[in-house]
Amino acid sequence: MQEVWTTDDFSFLRTIVHPDVIDHMPVPGHVPGRDGHLEKMKRIKAAFTNIDIRVDALVQEGDRVVGLWTFTATHSGVPFLGRPAHNARVKFCGMDMVRVEGGQIREIWHIEDLFLAYAQISGTIPV
């Protein structure tokens, strides 16, 4: 995760994410498969700089891996969640569960605390 989020080199993801990965919780307009997954990550990287991602817990059972993580960054790029950047520092957590098949991520479920992220980049709490 550190390699992917702290560099602009997405080639590693092409080796670990299956071309037909299934995202069970896609964002609206999400392109399916690995290309869509990479595009989503590139959009996030275009919105934030000084990204640090900390893996707080990692649990594996059978073909499933669950990771709890904390994302810290500066919103200094393109708009995110409909809000223009104004160098707000954000910190929020999320959790991913993936199913691994043949050494590649074949399915993914994810939850991010976007409510907290929005509050931090907008300076308001949406209701």
# chains A, B, ... in the order shown; residues from 1 in each chain; ligands from 1

$ residues_around --residues "A:Val55" --least-positions-apart "2" --cutoff "7 Å" --atoms "only C-alpha atoms" --output "PDB file with N, CA and C atoms, in the first residue's frame"
ATOM      1  N   ILE A  53      -0.197   6.595   4.169  1.00  0.00           N
ATOM      2  CA  ILE A  53      -1.206   5.598   4.499  1.00  0.00           C
ATOM      3  C   ILE A  53      -0.582   4.615   5.468  1.00  0.00           C
ATOM      4  N   ALA A  57      -4.197  -2.557  10.872  1.00  0.00           N
ATOM      5  CA  ALA A  57      -4.421  -3.976  11.156  1.00  0.00           C
ATOM      6  C   ALA A  57      -4.546  -4.711   9.834  1.00  0.00           C
ATOM      7  N   GLY A  67      -7.863  -5.309   5.633  1.00  0.00           N
ATOM      8  CA  GLY A  67      -6.933  -4.294   6.114  1.00  0.00           C
ATOM      9  C   GLY A  67      -7.674  -3.077   6.626  1.00  0.00           C
ATOM     10  N   LEU A  68      -7.317  -2.643   7.824  1.00  0.00           N
ATOM     11  CA  LEU A  68      -7.806  -1.383   8.394  1.00  0.00           C
ATOM     12  C   LEU A  68      -6.683  -0.380   8.229  1.00  0.00           C
ATOM     13  N   TRP A  69      -6.983   0.789   7.689  1.00  0.00           N
ATOM     14  CA  TRP A  69      -5.930   1.744   7.372  1.00  0.00           C
ATOM     15  C   TRP A  69      -6.346   3.169   7.735  1.00  0.00           C
ATOM     16  N   THR A  70      -5.339   4.031   7.870  1.00  0.00           N
ATOM     17  CA  THR A  70      -5.555   5.466   8.102  1.00  0.00           C
ATOM     18  C   THR A  70      -4.862   6.228   6.985  1.00  0.00           C
TER      19      THR A  70
END

$ residues_around --residues "stretch 21-34 of chain A" --least-positions-apart "5" --cutoff "12 Å" --atoms "only C-alpha atoms" --output "PDB file with N, CA and C atoms, in the first residue's frame"
ATOM      1  N   PHE A  10       2.125   2.945 -10.809  1.00  0.00           N
ATOM      2  CA  PHE A  10       1.002   2.037 -10.632  1.00  0.00           C
ATOM      3  C   PHE A  10       1.270   0.663 -11.251  1.00  0.00           C
ATOM      4  N   SER A  11       2.481   0.431 -11.741  1.00  0.00           N
ATOM      5  CA  SER A  11       2.781  -0.836 -12.400  1.00  0.00           C
ATOM      6  C   SER A  11       2.648  -2.018 -11.435  1.00  0.00           C
ATOM      7  N   LEU A  13       0.428  -2.382  -9.152  1.00  0.00           N
ATOM      8  CA  LEU A  13      -0.988  -2.753  -9.085  1.00  0.00           C
ATOM      9  C   LEU A  13      -1.392  -3.638 -10.250  1.00  0.00           C
ATOM     10  N   ARG A  14      -0.797  -3.415 -11.393  1.00  0.00           N
ATOM     11  CA  ARG A  14      -1.132  -4.238 -12.560  1.00  0.00           C
ATOM     12  C   ARG A  14      -0.754  -5.701 -12.347  1.00  0.00           C
ATOM     13  N   THR A  15       0.207  -5.950 -11.451  1.00  0.00           N
ATOM     14  CA  THR A  15       0.603  -7.336 -11.192  1.00  0.00           C
ATOM     15  C   THR A  15      -0.254  -7.983 -10.112  1.00  0.00           C
ATOM     16  N   ILE A  16      -0.787  -7.197  -9.166  1.00  0.00           N
ATOM     17  CA  ILE A  16      -1.521  -7.806  -8.052  1.00  0.00           C
ATOM     18  C   ILE A  16      -3.039  -7.708  -8.179  1.00  0.00           C
ATOM     19  N   GLU A  39      -8.030   3.847 -12.296  1.00  0.00           N
ATOM     20  CA  GLU A  39      -8.509   5.209 -12.561  1.00  0.00           C
ATOM     21  C   GLU A  39      -8.981   5.872 -11.269  1.00  0.00           C
ATOM     22  N   LYS A  40      -9.692   5.130 -10.438  1.00  0.00           N
ATOM     23  CA  LYS A  40     -10.163   5.673  -9.159  1.00  0.00           C
ATOM     24  C   LYS A  40      -8.972   6.085  -8.294  1.00  0.00           C
ATOM     25  N   MET A  41      -7.951   5.248  -8.237  1.00  0.00           N
ATOM     26  CA  MET A  41      -6.777   5.564  -7.434  1.00  0.00           C
ATOM     27  C   MET A  41      -6.037   6.780  -7.994  1.00  0.00           C
ATOM     28  N   ARG A  43      -7.399   9.277  -9.594  1.00  0.00           N
ATOM     29  CA  ARG A  43      -8.193  10.469  -9.255  1.00  0.00           C
ATOM     30  C   ARG A  43      -7.919  10.917  -7.821  1.00  0.00           C
ATOM     31  N   LEU A  81     -14.783  15.073  -3.760  1.00  0.00           N
ATOM     32  CA  LEU A  81     -16.132  15.095  -3.193  1.00  0.00           C
ATOM     33  C   LEU A  81     -16.840  16.410  -3.510  1.00  0.00           C
ATOM     34  N   ASP A  96     -10.614  -2.323   3.874  1.00  0.00           N
ATOM     35  CA  ASP A  96     -10.751  -3.076   2.631  1.00  0.00           C
ATOM     36  C   ASP A  96     -10.759  -4.561   2.957  1.00  0.00           C
ATOM     37  N   MET A  97     -11.578  -5.287   2.237  1.00  0.00           N
ATOM     38  CA  MET A  97     -11.499  -6.747   2.274  1.00  0.00           C
ATOM     39  C   MET A  97     -11.346  -7.193   0.831  1.00  0.00           C
ATOM     40  N   VAL A  98     -10.369  -8.044   0.583  1.00  0.00           N
ATOM     41  CA  VAL A  98     -10.147  -8.542  -0.765  1.00  0.00           C
ATOM     42  C   VAL A  98     -10.176 -10.064  -0.754  1.00  0.00           C
ATOM     43  N   ARG A  99     -10.580 -10.616  -1.885  1.00  0.00           N
ATOM     44  CA  ARG A  99     -10.469 -12.058  -2.105  1.00  0.00           C
ATOM     45  C   ARG A  99      -9.362 -12.257  -3.117  1.00  0.00           C
ATOM     46  N   VAL A 100      -8.397 -13.087  -2.750  1.00  0.00           N
ATOM     47  CA  VAL A 100      -7.227 -13.333  -3.585  1.00  0.00           C
ATOM     48  C   VAL A 100      -7.417 -14.661  -4.317  1.00  0.00           C
ATOM     49  N   GLU A 101      -7.111 -14.625  -5.602  1.00  0.00           N
ATOM     50  CA  GLU A 101      -7.203 -15.823  -6.447  1.00  0.00           C
ATOM     51  C   GLU A 101      -5.983 -15.832  -7.365  1.00  0.00           C
ATOM     52  N   GLN A 104      -3.647 -12.800  -7.186  1.00  0.00           N
ATOM     53  CA  GLN A 104      -4.152 -11.479  -7.561  1.00  0.00           C
ATOM     54  C   GLN A 104      -5.452 -11.168  -6.822  1.00  0.00           C
ATOM     55  N   ILE A 105      -5.706  -9.889  -6.620  1.00  0.00           N
ATOM     56  CA  ILE A 105      -6.961  -9.445  -6.014  1.00  0.00           C
ATOM     57  C   ILE A 105      -8.065  -9.643  -7.041  1.00  0.00           C
ATOM     58  N   ARG A 106      -9.019 -10.490  -6.713  1.00  0.00           N
ATOM     59  CA  ARG A 106     -10.105 -10.830  -7.646  1.00  0.00           C
ATOM     60  C   ARG A 106     -11.400 -10.112  -7.297  1.00  0.00           C
ATOM     61  N   GLU A 107     -11.613  -9.844  -5.982  1.00  0.00           N
ATOM     62  CA  GLU A 107     -12.790  -9.115  -5.530  1.00  0.00           C
ATOM     63  C   GLU A 107     -12.371  -8.167  -4.418  1.00  0.00           C
ATOM     64  N   ILE A 108     -13.090  -7.036  -4.321  1.00  0.00           N
ATOM     65  CA  ILE A 108     -12.786  -6.073  -3.269  1.00  0.00           C
ATOM     66  C   ILE A 108     -14.072  -5.471  -2.718  1.00  0.00           C
ATOM     67  N   TRP A 109     -14.083  -5.333  -1.403  1.00  0.00           N
ATOM     68  CA  TRP A 109     -15.127  -4.609  -0.693  1.00  0.00           C
ATOM     69  C   TRP A 109     -14.386  -3.532   0.097  1.00  0.00           C
ATOM     70  N   HIS A 110     -14.922  -2.332   0.165  1.00  0.00           N
ATOM     71  CA  HIS A 110     -14.203  -1.255   0.856  1.00  0.00           C
ATOM     72  C   HIS A 110     -15.179  -0.259   1.471  1.00  0.00           C
ATOM     73  N   ILE A 111     -14.736   0.308   2.587  1.00  0.00           N
ATOM     74  CA  ILE A 111     -15.490   1.348   3.280  1.00  0.00           C
ATOM     75  C   ILE A 111     -14.487   2.423   3.672  1.00  0.00           C
ATOM     76  N   GLU A 112     -14.804   3.677   3.342  1.00  0.00           N
ATOM     77  CA  GLU A 112     -13.964   4.804   3.709  1.00  0.00           C
ATOM     78  C   GLU A 112     -14.826   5.806   4.482  1.00  0.00           C
ATOM     79  N   LEU A 114     -15.764   8.802   4.336  1.00  0.00           N
ATOM     80  CA  LEU A 114     -15.816   9.977   3.473  1.00  0.00           C
ATOM     81  C   LEU A 114     -16.598  11.122   4.113  1.00  0.00           C
TER      82      LEU A 114
END

$ residues_around --residues "A:Tyr118" --least-positions-apart "5" --cutoff "10 Å" --atoms "only C-alpha atoms" --output "NGL selection string"
:A and (80-83 or 90 or 92 or 113 or 123-126)

$ closest_residue --among "A:Pro84, A:Asp35, A:Thr72, A:Thr7" --to "A:Leu116" --atoms "only C-alpha atoms"
A:Thr72

$ select_by_dssp --residues "stretch 7-90 of chain A" --states "alpha helix (DSSP H)" --output "JSON list (two decimals) with C-alpha atoms, in the first residue's frame"
[["chain", "number", "residue", "atom", "x", "y", "z"],
["A", 11, "SER", "CA", 2.78, -0.84, -12.40],
["A", 12, "PHE", "CA", 2.83, -2.86, -9.18],
["A", 13, "LEU", "CA", -0.99, -2.75, -9.09],
["A", 14, "ARG", "CA", -1.13, -4.24, -12.56],
["A", 15, "THR", "CA", 0.60, -7.34, -11.19],
["A", 16, "ILE", "CA", -1.52, -7.81, -8.05],
["A", 33, "GLY", "CA", -12.22, -4.12, -13.79],
["A", 34, "ARG", "CA", -8.61, -3.27, -13.05],
["A", 35, "ASP", "CA", -8.64, -0.22, -15.32],
["A", 36, "GLY", "CA", -11.50, 1.28, -13.32],
["A", 37, "HIS", "CA", -9.75, 0.51, -10.05],
["A", 38, "LEU", "CA", -6.56, 2.19, -11.28],
["A", 39, "GLU", "CA", -8.51, 5.21, -12.56],
["A", 40, "LYS", "CA", -10.16, 5.67, -9.16],
["A", 41, "MET", "CA", -6.78, 5.56, -7.43],
["A", 42, "LYS", "CA", -5.30, 8.04, -9.93],
["A", 43, "ARG", "CA", -8.19, 10.47, -9.26],
["A", 44, "ILE", "CA", -7.52, 10.30, -5.52],
["A", 45, "LYS", "CA", -3.80, 10.85, -6.10],
["A", 46, "ALA", "CA", -4.62, 13.84, -8.33],
["A", 47, "ALA", "CA", -6.61, 15.39, -5.46]]

$ atom_distance --atom1 "atom CA of A:Gln60" --atom2 "atom CA of A:Gly94"
16.8 Å

$ select_by_dssp --residues "stretch 58-95 of chain A" --states "strand (DSSP E or B)" --output "list of chain:residue names"
A:Leu58, A:Val59, A:Gln60, A:Glu61, A:Arg64, A:Val65, A:Val66, A:Gly67, A:Leu68, A:Trp69, A:Thr70, A:Phe71, A:Thr72, A:Ala73, A:Thr74, A:His75, A:Phe80, A:Arg83, A:Ala88, A:Arg89, A:Val90, A:Lys91, A:Phe92, A:Cys93, A:Gly94, A:Met95

$ closest_residue --among "A:Met95, A:Asp8, A:Asp20, A:Ala117" --to "A:Val59" --atoms "only C-alpha atoms"
A:Met95
